[in-house]
Structure formats: structure tokens, C-alpha cells
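Asks: Take a look at entry.txt, compact mmCIF, C-alpha atoms and all ligand atoms:
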# COMPACT_ATOMS: atom_id res chain seq x y z
CA MET A 152 -18.04 -26.76 42.55
CA VAL A 153 -17.39 -23.47 40.76
CA ALA A 154 -14.67 -21.47 42.48
CA ALA A 155 -15.54 -17.89 43.45
CA PHE A 156 -14.82 -15.36 40.73
CA THR A 157 -15.32 -11.76 39.63
CA TYR A 158 -16.43 -11.09 36.08
CA GLU A 159 -16.84 -7.62 34.68
CA ALA A 160 -18.39 -7.44 31.21
CA LEU A 161 -16.96 -4.65 29.06
CA PRO A 162 -19.49 -2.55 27.19
CA ALA A 163 -18.86 -2.77 23.46
CA ARG A 164 -21.18 -3.11 20.51
CA VAL A 165 -19.87 -5.70 18.05
CA ARG A 166 -21.02 -6.49 14.53
CA PHE A 167 -19.43 -9.54 12.95
CA GLY A 168 -19.78 -11.03 9.50
CA SER A 169 -18.91 -10.75 5.85
CA GLY A 170 -19.67 -7.39 4.22
CA THR A 171 -20.48 -5.83 7.61
CA LEU A 172 -18.52 -2.66 6.76
CA ALA A 173 -21.65 -1.65 4.86
CA CYS A 174 -23.38 -1.05 8.20
CA LEU A 175 -20.88 1.65 9.24
CA PRO A 176 -23.03 4.55 7.97
CA ASP A 177 -26.00 3.21 9.97
CA GLU A 178 -23.82 2.74 13.05
CA LEU A 179 -22.67 6.36 12.84
CA ASP A 180 -26.25 7.57 12.38
CA ARG A 181 -27.44 5.42 15.24
CA ALA A 182 -24.90 7.16 17.50
CA GLY A 183 -25.72 10.60 16.07
CA LYS A 184 -22.18 11.09 14.70
CA ARG A 185 -21.76 13.38 11.71
CA ARG A 186 -18.05 14.23 11.46
CA ALA A 187 -15.82 11.17 11.60
CA LEU A 188 -12.04 11.40 11.43
CA VAL A 189 -10.97 8.25 9.59
CA LEU A 190 -7.65 6.83 10.83
CA SER A 191 -5.19 4.47 9.13
CA THR A 192 -1.52 3.75 8.61
CA PRO A 193 0.13 5.16 5.47
CA GLN A 194 0.04 1.61 4.04
CA GLN A 195 -3.75 1.45 4.43
CA ARG A 196 -4.55 4.96 3.18
CA ASP A 197 -6.49 3.42 0.24
CA GLN A 198 -8.71 1.51 2.63
CA ALA A 199 -9.29 4.69 4.67
CA GLU A 200 -10.30 6.50 1.48
CA ARG A 201 -12.77 3.75 0.63
CA VAL A 202 -14.27 3.98 4.10
CA ALA A 203 -14.50 7.77 3.84
CA ALA A 204 -16.30 7.37 0.50
CA LEU A 205 -18.67 4.82 2.06
CA ILE A 206 -19.73 7.15 4.87
CA GLY A 207 -19.88 10.14 2.49
CA PRO A 208 -20.82 13.41 4.21
CA ARG A 209 -20.23 11.83 7.64
CA ALA A 210 -16.47 11.84 6.92
CA ALA A 211 -14.73 14.98 8.23
CA GLY A 212 -11.32 13.89 6.92
CA ILE A 213 -8.58 11.26 6.96
CA PHE A 214 -5.46 11.04 9.13
CA SER A 215 -3.21 8.28 7.77
CA ASP A 216 -0.03 8.50 9.86
CA ALA A 217 -0.80 5.81 12.47
CA THR A 218 2.43 4.12 13.56
CA MET A 219 3.37 1.04 15.61
CA HIS A 220 3.45 1.58 19.42
CA THR A 221 1.47 4.83 19.31
CA PRO A 222 4.19 7.50 19.44
CA VAL A 223 2.86 10.55 21.34
CA GLY A 224 4.06 12.89 18.56
CA VAL A 225 1.76 11.18 16.05
CA THR A 226 -1.13 11.38 18.53
CA ARG A 227 -0.58 15.15 18.84
CA ALA A 228 -0.76 15.52 15.06
CA ALA A 229 -3.99 13.46 15.00
CA LEU A 230 -5.44 15.63 17.80
CA ASP A 231 -4.66 18.75 15.74
CA ALA A 232 -6.43 17.19 12.77
CA ALA A 233 -9.45 16.23 14.90
CA ARG A 234 -9.67 19.75 16.29
CA SER A 235 -9.26 21.57 12.99
CA LEU A 236 -11.80 19.29 11.28
CA ASP A 237 -14.21 19.55 14.21
CA ALA A 238 -14.43 15.74 14.36
CA ASP A 239 -17.06 14.20 16.64
CA CYS A 240 -15.73 10.62 16.47
CA THR A 241 -12.96 8.47 14.99
CA VAL A 242 -13.19 5.50 12.64
CA ALA A 243 -10.00 3.43 12.90
CA VAL A 244 -9.47 1.10 9.92
CA GLY A 245 -6.52 -1.23 10.40
CA GLY A 246 -4.57 -3.25 12.93
CA GLY A 247 -3.47 -2.59 16.49
CA SER A 248 -1.41 0.45 15.49
CA THR A 249 -4.38 2.31 14.05
CA THR A 250 -6.70 1.19 16.84
CA GLY A 251 -4.06 2.44 19.30
CA LEU A 252 -4.14 5.89 17.73
CA GLY A 253 -7.94 6.03 18.01
CA LYS A 254 -7.66 5.05 21.67
CA ALA A 255 -4.99 7.69 22.33
CA VAL A 256 -7.24 10.36 20.79
CA ALA A 257 -10.28 9.13 22.76
CA LEU A 258 -8.37 9.19 26.03
CA ARG A 259 -7.54 12.87 25.52
CA THR A 260 -10.80 14.07 23.96
CA GLY A 261 -13.57 11.62 24.87
CA LEU A 262 -14.35 11.20 21.14
CA MET A 263 -16.40 8.08 20.44
CA GLN A 264 -14.49 5.30 18.66
CA PHE A 265 -15.62 3.08 15.81
CA VAL A 266 -13.07 0.41 14.91
CA VAL A 267 -12.85 -1.73 11.80
CA PRO A 268 -10.08 -4.28 12.57
CA THR A 269 -8.06 -5.72 9.70
CA THR A 270 -5.60 -7.87 11.70
CA TYR A 271 -5.99 -10.32 14.58
CA ALA A 272 -4.30 -8.14 17.25
CA GLY A 273 -7.44 -7.79 19.39
CA SER A 274 -6.73 -4.29 20.66
CA GLU A 275 -10.24 -3.16 19.72
CA MET A 276 -11.74 -5.20 22.59
CA THR A 277 -9.50 -3.84 25.34
CA PRO A 278 -9.41 -0.74 27.56
CA ILE A 279 -5.60 -0.84 27.30
CA LEU A 280 -3.30 1.63 25.56
CA GLY A 281 0.46 1.39 25.05
CA GLN A 282 2.17 4.63 24.05
CA THR A 283 5.78 5.57 23.34
CA GLU A 284 7.56 8.81 24.14
CA ASP A 285 11.31 9.37 24.00
CA GLY A 286 11.77 5.69 23.22
CA ARG A 287 9.92 4.54 26.37
CA LYS A 288 6.70 2.54 26.16
CA THR A 289 4.14 2.90 28.92
CA THR A 290 0.86 1.03 29.19
CA GLN A 291 -2.32 2.14 30.89
CA ARG A 292 -5.83 0.82 31.41
CA ASP A 293 -8.81 3.16 31.52
CA ALA A 294 -12.50 2.70 30.73
CA ALA A 295 -12.28 5.74 28.41
CA ILE A 296 -9.88 3.80 26.17
CA LEU A 297 -12.32 1.02 25.22
CA PRO A 298 -13.79 1.50 21.71
CA GLU A 299 -17.59 1.75 21.70
CA VAL A 300 -18.38 0.10 18.35
CA VAL A 301 -16.39 -2.61 16.57
CA ILE A 302 -17.25 -3.80 13.08
CA TYR A 303 -15.56 -7.07 12.16
CA ASP A 304 -15.76 -7.56 8.42
CA VAL A 305 -14.17 -10.84 7.33
CA ASP A 306 -13.80 -9.50 3.78
CA LEU A 307 -11.28 -6.88 4.94
CA THR A 308 -8.97 -9.58 6.30
CA ILE A 309 -8.80 -11.63 3.09
CA GLY A 310 -5.92 -9.49 1.82
CA LEU A 311 -3.91 -9.62 5.06
CA PRO A 312 -0.63 -11.11 3.79
CA ALA A 313 -0.04 -14.76 4.74
CA ASP A 314 3.02 -14.03 6.90
CA LEU A 315 1.25 -11.27 8.84
CA SER A 316 -1.85 -13.47 9.19
CA ALA A 317 0.27 -16.20 10.77
CA THR A 318 2.03 -13.99 13.31
CA SER A 319 -1.01 -11.83 14.04
CA GLY A 320 -2.98 -15.03 14.69
CA MET A 321 -0.31 -16.37 17.05
CA ASN A 322 -0.26 -12.98 18.80
CA ALA A 323 -4.00 -13.39 19.35
CA ILE A 324 -3.60 -16.93 20.70
CA ALA A 325 -1.13 -15.57 23.26
CA HIS A 326 -3.93 -13.52 24.87
CA ALA A 327 -6.10 -16.64 25.21
CA VAL A 328 -3.25 -18.81 26.55
CA GLU A 329 -2.41 -16.35 29.33
CA ALA A 330 -6.12 -15.81 30.09
CA LEU A 331 -6.43 -19.50 30.98
CA TYR A 332 -3.87 -19.17 33.77
CA ALA A 333 -4.50 -15.52 34.68
CA ARG A 334 -4.52 -14.67 38.37
CA ASP A 335 -8.03 -13.20 37.92
CA ARG A 336 -9.24 -15.92 35.50
CA ASN A 337 -12.94 -16.65 35.46
CA PRO A 338 -15.03 -19.40 33.83
CA ILE A 339 -16.64 -17.11 31.23
CA ILE A 340 -13.38 -15.77 29.85
CA SER A 341 -11.84 -19.26 30.03
CA LEU A 342 -14.62 -20.55 27.75
CA MET A 343 -13.86 -17.74 25.31
CA ALA A 344 -10.14 -18.49 25.51
CA GLU A 345 -10.57 -22.17 24.72
CA ASP A 346 -12.90 -21.53 21.81
CA ALA A 347 -10.58 -18.82 20.52
CA ILE A 348 -7.57 -21.16 20.49
CA ARG A 349 -9.65 -23.86 18.83
CA ALA A 350 -10.88 -21.48 16.10
CA LEU A 351 -7.44 -20.02 15.38
CA ALA A 352 -5.63 -23.38 15.49
CA ARG A 353 -8.08 -24.64 12.88
CA ALA A 354 -7.98 -21.48 10.75
CA LEU A 355 -4.30 -20.51 10.61
CA PRO A 356 -3.01 -23.61 8.76
CA ALA A 357 -5.90 -23.29 6.31
CA ILE A 358 -5.03 -19.61 5.72
CA ALA A 359 -1.35 -20.49 5.24
CA ALA A 360 -2.41 -22.93 2.50
CA HIS A 361 -5.16 -20.77 0.95
CA PRO A 362 -5.00 -17.15 2.16
CA ALA A 363 -8.36 -16.25 0.58
CA ASP A 364 -10.32 -19.16 2.16
CA PRO A 365 -13.43 -17.36 3.47
CA GLN A 366 -14.31 -20.03 6.05
CA ALA A 367 -10.81 -19.95 7.54
CA ARG A 368 -10.76 -16.14 7.51
CA SER A 369 -14.09 -16.09 9.32
CA ASP A 370 -12.88 -18.56 11.97
CA ALA A 371 -9.66 -16.59 12.46
CA LEU A 372 -11.38 -13.24 12.89
CA TYR A 373 -13.92 -14.77 15.28
CA GLY A 374 -11.06 -16.30 17.28
CA ALA A 375 -9.23 -12.97 17.28
CA PHE A 376 -12.34 -11.22 18.61
CA LEU A 377 -12.54 -13.70 21.49
CA CYS A 378 -8.81 -13.32 22.15
CA GLY A 379 -9.25 -9.56 22.36
CA CYS A 380 -12.02 -10.10 24.92
CA CYS A 381 -9.61 -12.25 26.97
CA LEU A 382 -6.89 -9.60 26.88
CA GLY A 383 -9.35 -6.89 27.88
CA ALA A 384 -10.87 -8.85 30.75
CA VAL A 385 -8.10 -10.54 32.73
CA GLY A 386 -4.47 -9.84 33.60
CA MET A 387 -1.61 -11.22 31.54
CA ALA A 388 1.66 -12.69 32.86
CA LEU A 389 5.18 -13.77 31.86
CA HIS A 390 4.59 -14.05 28.13
CA HIS A 391 3.26 -10.51 27.68
CA LYS A 392 5.93 -9.11 30.00
CA LEU A 393 8.73 -10.82 28.04
CA CYS A 394 7.38 -9.58 24.71
CA HIS A 395 7.06 -6.06 26.08
CA VAL A 396 10.65 -6.06 27.36
CA ILE A 397 12.30 -7.84 24.44
CA GLY A 398 10.23 -6.18 21.71
CA GLY A 399 10.72 -2.75 23.26
CA SER A 400 14.44 -2.98 24.04
CA PHE A 401 15.48 -4.36 20.66
CA ASP A 402 12.77 -2.75 18.54
CA LEU A 403 11.47 -6.10 17.31
CA PRO A 404 8.17 -6.44 15.41
CA HIS A 405 5.26 -6.99 17.79
CA ALA A 406 3.37 -9.99 16.40
CA GLN A 407 6.52 -11.91 15.38
CA THR A 408 8.01 -11.50 18.86
CA HIS A 409 4.80 -12.86 20.41
CA THR A 410 4.85 -15.82 18.04
CA ILE A 411 8.39 -16.81 18.99
CA ILE A 412 8.13 -16.33 22.77
CA LEU A 413 4.72 -17.99 23.28
CA PRO A 414 5.73 -21.70 23.28
CA HIS A 415 8.61 -20.96 25.66
CA ALA A 416 6.59 -18.87 28.11
CA THR A 417 3.91 -21.59 28.06
CA ALA A 418 6.51 -24.28 28.83
CA TYR A 419 7.88 -22.17 31.68
CA ASN A 420 4.44 -22.13 33.32
CA ALA A 421 3.43 -25.69 32.41
CA ALA A 422 4.12 -27.45 35.72
CA ALA A 423 2.46 -24.66 37.71
CA GLU A 424 -0.78 -24.78 35.69
CA PRO A 425 -1.57 -28.34 34.56
CA GLU A 426 -5.31 -27.72 34.13
CA ALA A 427 -4.81 -24.66 31.92
CA MET A 428 -2.21 -26.59 29.90
CA ALA A 429 -4.65 -29.46 29.36
CA ARG A 430 -7.27 -27.03 28.06
CA ILE A 431 -4.76 -25.32 25.73
CA ALA A 432 -3.49 -28.66 24.41
CA ALA A 433 -7.04 -29.93 23.82
CA ALA A 434 -7.99 -26.75 21.96
CA LEU A 435 -4.86 -27.08 19.82
CA GLY A 436 -5.51 -30.77 19.22
CA ALA A 437 -2.03 -31.50 20.58
CA ASP A 438 -0.60 -33.71 23.33
CA ASP A 439 1.32 -30.86 24.93
CA ALA A 440 0.40 -27.15 25.05
CA ALA A 441 3.88 -25.64 24.57
CA GLN A 442 5.01 -28.10 21.92
CA GLY A 443 1.63 -27.75 20.19
CA LEU A 444 2.14 -23.98 19.92
CA TYR A 445 5.68 -24.43 18.61
CA ASP A 446 4.46 -26.95 16.03
CA LEU A 447 1.58 -24.71 14.98
CA ALA A 448 3.99 -21.82 14.35
CA GLY A 449 6.14 -24.16 12.27
CA ARG A 450 3.15 -25.46 10.29
CA ILE A 451 2.04 -21.96 9.31
CA GLY A 452 5.54 -20.81 8.37
CA ALA A 453 5.87 -18.29 11.20
CA PRO A 454 9.29 -17.34 12.58
CA ARG A 455 10.49 -19.37 15.59
CA ALA A 456 13.84 -17.73 16.39
CA LEU A 457 14.50 -14.26 17.78
CA ARG A 458 17.81 -14.24 15.93
CA ASP A 459 15.84 -14.27 12.68
CA LEU A 460 14.24 -10.98 13.75
CA GLY A 461 17.70 -9.43 14.09
CA MET A 462 18.17 -9.69 17.85
CA PRO A 463 21.92 -10.06 18.53
CA GLU A 464 23.03 -13.04 20.65
CA ALA A 465 24.90 -10.67 22.96
CA ALA A 466 21.53 -9.12 23.89
CA ILE A 467 20.23 -12.29 25.60
CA ASP A 468 21.80 -11.32 28.94
CA GLN A 469 20.39 -7.81 28.85
CA ALA A 470 16.93 -9.18 27.95
CA ALA A 471 17.12 -11.68 30.80
CA ARG A 472 18.12 -8.96 33.28
CA GLU A 473 15.31 -6.64 32.19
CA ALA A 474 12.75 -9.45 32.26
CA VAL A 475 13.28 -10.04 35.98
CA GLN A 476 13.69 -6.39 37.00
CA ASN A 477 10.19 -5.23 37.89
CA PRO A 478 8.25 -7.88 39.76
CA TYR A 479 4.93 -8.93 38.23
CA TRP A 480 2.49 -11.74 38.84
CA ASN A 481 3.06 -15.10 37.13
CA PRO A 482 1.82 -18.57 38.10
CA ARG A 483 5.42 -19.73 38.52
CA ALA A 484 7.95 -17.53 40.34
CA ILE A 485 10.21 -15.53 38.04
CA GLU A 486 13.61 -17.21 38.39
CA PRO A 487 16.59 -15.49 36.69
CA GLU A 488 18.44 -18.57 35.38
CA PRO A 489 15.44 -20.39 33.87
CA ILE A 490 14.29 -17.08 32.35
CA ARG A 491 17.67 -16.64 30.73
CA ALA A 492 17.52 -20.20 29.41
CA LEU A 493 14.03 -19.56 28.02
CA ILE A 494 15.20 -16.45 26.13
CA ALA A 495 18.30 -18.27 24.83
CA ARG A 496 16.14 -21.09 23.43
CA ALA A 497 13.74 -18.60 21.85
CA TRP A 498 16.70 -16.75 20.36
CA ALA A 499 18.04 -19.94 18.79
CA GLY A 500 14.62 -21.22 17.66
CA LEU A 501 14.84 -24.45 19.70
CA PRO A 502 11.67 -26.29 20.82
CA PRO A 503 10.32 -25.26 24.23
CA LEU A 504 11.97 -26.90 27.23
CA GLY A 505 10.27 -29.81 28.92
CA ALA A 506 8.05 -30.62 26.00
P1 LIG B 601 -0.18 -3.09 12.76
O1 LIG B 601 -1.47 -2.45 13.08
O2 LIG B 601 1.07 -2.32 13.03
O3 LIG B 601 -0.21 -3.55 11.24
C1 LIG B 601 0.97 -4.01 10.61
C2 LIG B 601 0.99 -3.54 9.14
O4 LIG B 601 0.02 -4.27 8.40
C3 LIG B 601 0.63 -2.08 8.98
O5 LIG B 601 1.40 -1.53 7.97
C4 LIG B 601 -0.83 -2.14 8.57
O6 LIG B 601 -1.23 -0.99 7.86
C5 LIG B 601 -0.85 -3.39 7.73
N1 LIG B 601 -2.14 -4.05 7.64
C6 LIG B 601 -3.06 -4.20 8.63
N2 LIG B 601 -4.12 -4.88 8.18
C7 LIG B 601 -3.89 -5.17 6.88
C8 LIG B 601 -4.62 -5.87 5.87
N3 LIG B 601 -5.79 -6.45 6.14
N4 LIG B 601 -4.07 -5.97 4.65
C9 LIG B 601 -2.85 -5.45 4.38
N5 LIG B 601 -2.10 -4.78 5.30
C10 LIG B 601 -2.62 -4.64 6.54
O7 LIG B 601 -0.01 -4.51 13.47
P2 LIG B 601 -0.84 -5.26 14.62
O8 LIG B 601 -0.06 -6.47 14.93
O9 LIG B 601 -2.27 -5.38 14.26
O10 LIG B 601 -0.78 -4.27 15.84
C11 LIG B 601 0.40 -4.09 16.58
C12 LIG B 601 0.26 -2.92 17.53
O11 LIG B 601 -0.93 -3.05 18.28
C13 LIG B 601 1.39 -2.83 18.53
O12 LIG B 601 1.74 -1.47 18.72
C14 LIG B 601 0.79 -3.41 19.79
O13 LIG B 601 1.42 -2.93 20.95
C15 LIG B 601 -0.63 -2.97 19.67
N6 LIG B 601 -1.58 -3.84 20.40
C16 LIG B 601 -2.26 -3.29 21.43
C17 LIG B 601 -3.18 -4.02 22.13
C18 LIG B 601 -3.95 -3.39 23.25
O14 LIG B 601 -4.85 -3.99 23.81
N7 LIG B 601 -3.64 -2.17 23.63
C19 LIG B 601 -3.44 -5.35 21.77
C20 LIG B 601 -2.73 -5.91 20.71
C21 LIG B 601 -1.81 -5.12 20.02
Here is a file; write its structure as C-alpha cells.
Replies:
Amino acid sequence: MVAAFTYEALPARVRFGSGTLACLPDELDRAGKRRALVLSTPQQRDQAERVAALIGPRAAGIFSDATMHTPVGVTRAALDAARSLDADCTVAVGGGSTTGLGKAVALRTGLMQFVVPTTYAGSEMTPILGQTEDGRKTTQRDAAILPEVVIYDVDLTIGLPADLSATSGMNAIAHAVEALYARDRNPIISLMAEDAIRALARALPAIAAHPADPQARSDALYGAFLCGCCLGAVGMALHHKLCHVIGGSFDLPHAQTHTIILPHATAYNAAAEPEAMARIAAALGADDAAQGLYDLAGRIGAPRALRDLGMPEAAIDQAAREAVQNPYWNPRAIEPEPIRALIARAWAGLPPLGA
């Protein structure tokens, strides 16, 4: 018997493939957009310039100051640019940071968003925006945040450096893992989550060995798309909360933090969610979900210890305190001592407990 569920499909138009960036001019025309503000990070300015050249007269200008965690000051500067250029839409070319800027602009202006993802973060499929102001990160969910058109072009991910590919891929898997034991899980999203883990678990070791392997890149981007759908559709739990707290408090890099915490958060929830764990393990091709994730990170050369990201050992207590401060839903109750032990193991890079 299928248990009762609620499923709300999110309205997004997705084009996936190799060379699909070429359809961006048509997508803009189809939507009647004539003055696109192209967004990127400073590191991807070249890519933004190539996109602006591709769309020709439909490009109103480029804003290339997108920054991790969407600082409100940067958003204000982008809003000024959009206003002065009379932009009627944004085209975000890049990872979660650039997508975040497009979302922040859309939330304040209603401008239509076109996103061309170049990492596996998955932000493009979610109505979620995290922003920082005065060092504080706040997250909100609003239908106006969801990008309208997403163009996945496998070719643009070929050059994603191997280390970033590994951690960005693990970051994506984290969305699928938590979707499988989400409080509001549903069978459709669970199917996506399983297939996403399977695709990424197959692709990431192949990418680590041969970063330009087109088949592996295609599998990884497809998996990342599905992971983004999972993150956008159902609520997350302990893993995302821990990453938010630890990453935010100690200014640790986003995808690396996710990679390190994931096996430990999975182990913490293992006994409470045996069915989800069996599905995760099967998709990984492993005997145990948490250990399988830890081994995968090791196989692809991703970091496994928070201390290697520069988190001081003395900060473990503070992280543990903050992680239990604001109550949030998790399949297993949030217990202070086991949470501290989890963070201590992640700090030291030990295998997950109980595996
Ligand atoms: P990122 O966007 O910060 O990218 C990291 C660096 O890699 C940047 O310098 C970027 O320019 C560069 N880069 C990206 N693609 C590249 C490519 N193909 N080749 C070479 N360099 C490339 O990193 P990210 O992990 O994609 O995103 C992290 C941010 O996204 C965080 O702020 C996180 O909070 C946010 N995020 C939000 C959601 C959401 O749903 N709201 C989901 C996931 C992540």
C-alpha cells in the first residue's frame, strides 16, 4: 500500500544535454526577453562574456561580482546595474553563488531568471535563497525565488576542476540523502533521490580519474539536477542544519563542509530510518549507507576532516552547542552528546560511527 503523501510539482522549464547553451537565444525570444543582465562570479567573467556574445543584442550588460552566500551589499549593486541597464531578465552563468544572486534580484524585482549551472549545487531547482548581512545568514523560501528556465549544458561542466567536482557532487548527494528520510518525503521525489545518488556515485569516481569524460559529466549533471529537485521539494534535516551552523560560524567552504559532514549525519540517523538507509546503500552499491558515503568521498579524493578546512579543535564545543540551539525536525531526536561526538569525528576525519 502506498502511504498518503502530498506532492507539489515546481514549475520550471529544463533543457538538458550537450551544447544546449546554444538554445539560450531561442529561450529568451520564446519568453519575449530583450535585455538580459548576465551574472557571474569574477572568476567566471570570461564565461559571462561568451554568453553575452552568444545572445548578442539581447544582452543588456554583465554583472560579475557574484559572491558566496549572497551578501546583501552585492545584491544591491546588482539591482543598481539591472535598473540602470533597464534589464528585463537575468541570465546566471555559474554555480550556486551566481544562481543565488539571480534569485536575490528576482525576489526584489520579479525579473525572470534564466540559469546556466556550471556546478552540481542544485540551487537552480529550488525556491530557496540564503543571504548574508552583517555576517548573519538567513534562508527563505518563496515561489518568486524559483528560476523559470534552466539550461543544463554538460559541456560547461567539463572544465569544473576535479576537486570542486568531487565536493560539489557530494554536496548534491546530500540533498538526495536527506530527501529519502524527509518528514514530507513522497514516492516521486524518493525515486528521483535514488536515481540521483546512483548517477552521481557512478560518475564522480570516473570524473576523478578522467575529468573530461563526457559520459561521466553527463551522468553527474543529470544527478545534480535530480538532487536540486529533491532539495526544492522536501524539507531537509540534521545534515543541512549542521552544515549551515558549522559552515556559517567558522566561514568554511560550502561544498567541502557538506562532503565531510554527510557520512556522519547519515550514521546519526541510520537506526531511525532503516528503509531510507537501504535505498541509499543500494544506490551507492555499498553495504552501509554512511560508510558508503565516507568511502566514496575517499575514492574521489575529497576532504574528510573539518580540521583540514581550518576549523580549530577548540571550536567543536561551540559548534555542538549551536547545532542543538534552535529545534528543527530530524528523524532521530537531536541529542547534545551524540551530536558533539559526531562533530568531533567529522573534525578528525574518522569513519562514521556505527558503520
Ligand atoms: P560557487 O558558485 O561559489 O562556485 C565556486 C567557484 O567555482 C566560484 O569561483 C565559481 O566561479 C567557480 N566555478 C563554478 N563553476 C565552474 C566551472 N564549471 N569551471 C570553473 N570554475 C567554476 O559554488 P557552489 O558550490 O556551486 O555554490 C555554493 C553556494 O550556493 C553557497 O552560497 C550555497 O549556500 C548556495 N546554494 C544554495 C542552494 C539553494 O537552494 N538556495 C543550493 C545549493 C547551494
Asks: In Å, rounded to a single decimal, give me how far atom CA of A:Trp480 is from atom CA of A:Val153.
Replies: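 It comes out at 23.2 Å.
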Asks: For A:Ala354, find every residue with an atom within 6 Å (counting all atoms listed in the file), except residues of its own chain fewer than 6 positions away, and show them as a list in words.
Replies: Ala367, Asp370 and Ala371 of chain A
Asks: Pull the neighbourhood of (-6.2, 16.7, 20.4) for me: all residues within 7 Å in file coordinates, counting all atoms listed in the file, as a list in words.
Replies: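 Taken together, the residues in range are Arg227, Ala229, Leu230, Asp231, Ala233, Arg234, Val256, Arg259 and Thr260 of chain A.
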Asks: Hey, which of A:Gly461, A:Pro487, A:Gly183, A:Pro268 ends up closest to A:Val301? Count all atoms listed in the file.
Replies: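 Using all atoms listed in the file, the shortest distance to A:Val301 belongs to A:Pro268.
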Asks: Check the smallest atom-to-atom distance from each of A:Phe156, A:Tyr419, A:Phe167, A:Tyr271 to A:Val305 using all atoms listed in the file, then report the winner.
Replies: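 Closest residue, counting all atoms listed in the file: A:Phe167.
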Asks: With distances taken over only C-alpha atoms and all ligand atoms, which residue among A:Ser274, A:Thr408, A:Gln366, A:Asn337 lies nearest ligand LIG 601 (chain B)?
Replies: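 Distance minimum relative to ligand LIG 601 (chain B) lands on A:Ser274.
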Asks: As a PyMOL selection string, please: every protein or nucleic acid residue near ligand LIG 601 (chain B) (cut-off 8 Å, counting all atoms listed in the file).
Replies: chain A and resi 191-195+218-221+245-251+268-281+290+307-312+315+318-319+322-323+379+382-383+405-406
Asks: Might you pull out every residue within 12 Å of A:Glu426, with all atoms listed in the file counted and same-chain residues fewer than 3 positions away left off, and present them as a list in words?
Replies: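 In the requested form, the answer reads Val328, Leu331, Tyr332, Ser341, Asn420, Ala421, Ala422, Ala423, Ala429, Arg430, Ile431, Ala432, Ala433, Asp439 and Ala440 of chain A.
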Asks: If I take atom CA of A:Pro365 and atom CA of A:Ala243, how far is one from the other in Å, to one decimal?
Replies: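 Answer for the atom CA of A:Pro365 to atom CA of A:Ala243 separation: 23.1 Å.
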Asks: Work out how far atom CA of A:Cys378 is from atom CA of A:Leu435, in Å to one decimal.
Replies: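 Distance between the two atoms: 14.5 Å.
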Asks: Provide stretch 429-435 of chain A rebuilt to all heavy atoms, formatted as a PDB file, keeping the file's coordinate frame.
Replies:
ATOM      1  N   ALA A 429      -3.815 -28.425  29.975  1.00  0.00           N
ATOM      2  CA  ALA A 429      -4.650 -29.460  29.360  1.00  0.00           C
ATOM      3  C   ALA A 429      -5.694 -28.826  28.446  1.00  0.00           C
ATOM      4  O   ALA A 429      -5.987 -29.325  27.353  1.00  0.00           O
ATOM      5  CB  ALA A 429      -5.321 -30.299  30.448  1.00  0.00           C
ATOM      6  N   ARG A 430      -6.253 -27.705  28.888  1.00  0.00           N
ATOM      7  CA  ARG A 430      -7.270 -27.030  28.060  1.00  0.00           C
ATOM      8  C   ARG A 430      -6.646 -26.454  26.792  1.00  0.00           C
ATOM      9  O   ARG A 430      -7.234 -26.513  25.705  1.00  0.00           O
ATOM     10  CB  ARG A 430      -7.956 -25.920  28.874  1.00  0.00           C
ATOM     11  CG  ARG A 430      -8.775 -26.480  30.021  1.00  0.00           C
ATOM     12  CD  ARG A 430      -9.429 -25.386  30.848  1.00  0.00           C
ATOM     13  NE  ARG A 430     -10.661 -24.902  30.241  1.00  0.00           N
ATOM     14  CZ  ARG A 430     -11.535 -24.127  30.877  1.00  0.00           C
ATOM     15  NH1 ARG A 430     -11.312 -23.747  32.143  1.00  0.00           N
ATOM     16  NH2 ARG A 430     -12.639 -23.709  30.275  1.00  0.00           N
ATOM     17  N   ILE A 431      -5.445 -25.883  26.916  1.00  0.00           N
ATOM     18  CA  ILE A 431      -4.760 -25.320  25.730  1.00  0.00           C
ATOM     19  C   ILE A 431      -4.439 -26.439  24.749  1.00  0.00           C
ATOM     20  O   ILE A 431      -4.701 -26.334  23.542  1.00  0.00           O
ATOM     21  CB  ILE A 431      -3.470 -24.573  26.158  1.00  0.00           C
ATOM     22  CG1 ILE A 431      -3.794 -23.374  27.050  1.00  0.00           C
ATOM     23  CG2 ILE A 431      -2.666 -24.133  24.922  1.00  0.00           C
ATOM     24  CD1 ILE A 431      -2.602 -22.808  27.816  1.00  0.00           C
ATOM     25  N   ALA A 432      -3.881 -27.541  25.283  1.00  0.00           N
ATOM     26  CA  ALA A 432      -3.490 -28.660  24.410  1.00  0.00           C
ATOM     27  C   ALA A 432      -4.722 -29.220  23.690  1.00  0.00           C
ATOM     28  O   ALA A 432      -4.689 -29.473  22.478  1.00  0.00           O
ATOM     29  CB  ALA A 432      -2.800 -29.744  25.237  1.00  0.00           C
ATOM     30  N   ALA A 433      -5.827 -29.389  24.444  1.00  0.00           N
ATOM     31  CA  ALA A 433      -7.040 -29.930  23.820  1.00  0.00           C
ATOM     32  C   ALA A 433      -7.533 -29.013  22.709  1.00  0.00           C
ATOM     33  O   ALA A 433      -7.921 -29.463  21.627  1.00  0.00           O
ATOM     34  CB  ALA A 433      -8.125 -30.124  24.882  1.00  0.00           C
ATOM     35  N   ALA A 434      -7.503 -27.696  22.973  1.00  0.00           N
ATOM     36  CA  ALA A 434      -7.990 -26.750  21.960  1.00  0.00           C
ATOM     37  C   ALA A 434      -7.082 -26.755  20.724  1.00  0.00           C
ATOM     38  O   ALA A 434      -7.539 -26.537  19.606  1.00  0.00           O
ATOM     39  CB  ALA A 434      -8.058 -25.342  22.557  1.00  0.00           C
ATOM     40  N   LEU A 435      -5.802 -27.021  20.945  1.00  0.00           N
ATOM     41  CA  LEU A 435      -4.860 -27.080  19.820  1.00  0.00           C
ATOM     42  C   LEU A 435      -4.933 -28.427  19.089  1.00  0.00           C
ATOM     43  O   LEU A 435      -4.410 -28.573  17.986  1.00  0.00           O
ATOM     44  CB  LEU A 435      -3.409 -26.908  20.321  1.00  0.00           C
ATOM     45  CG  LEU A 435      -2.981 -25.521  20.807  1.00  0.00           C
ATOM     46  CD1 LEU A 435      -1.638 -25.618  21.536  1.00  0.00           C
ATOM     47  CD2 LEU A 435      -2.884 -24.534  19.645  1.00  0.00           C
TER      48      LEU A 435
END
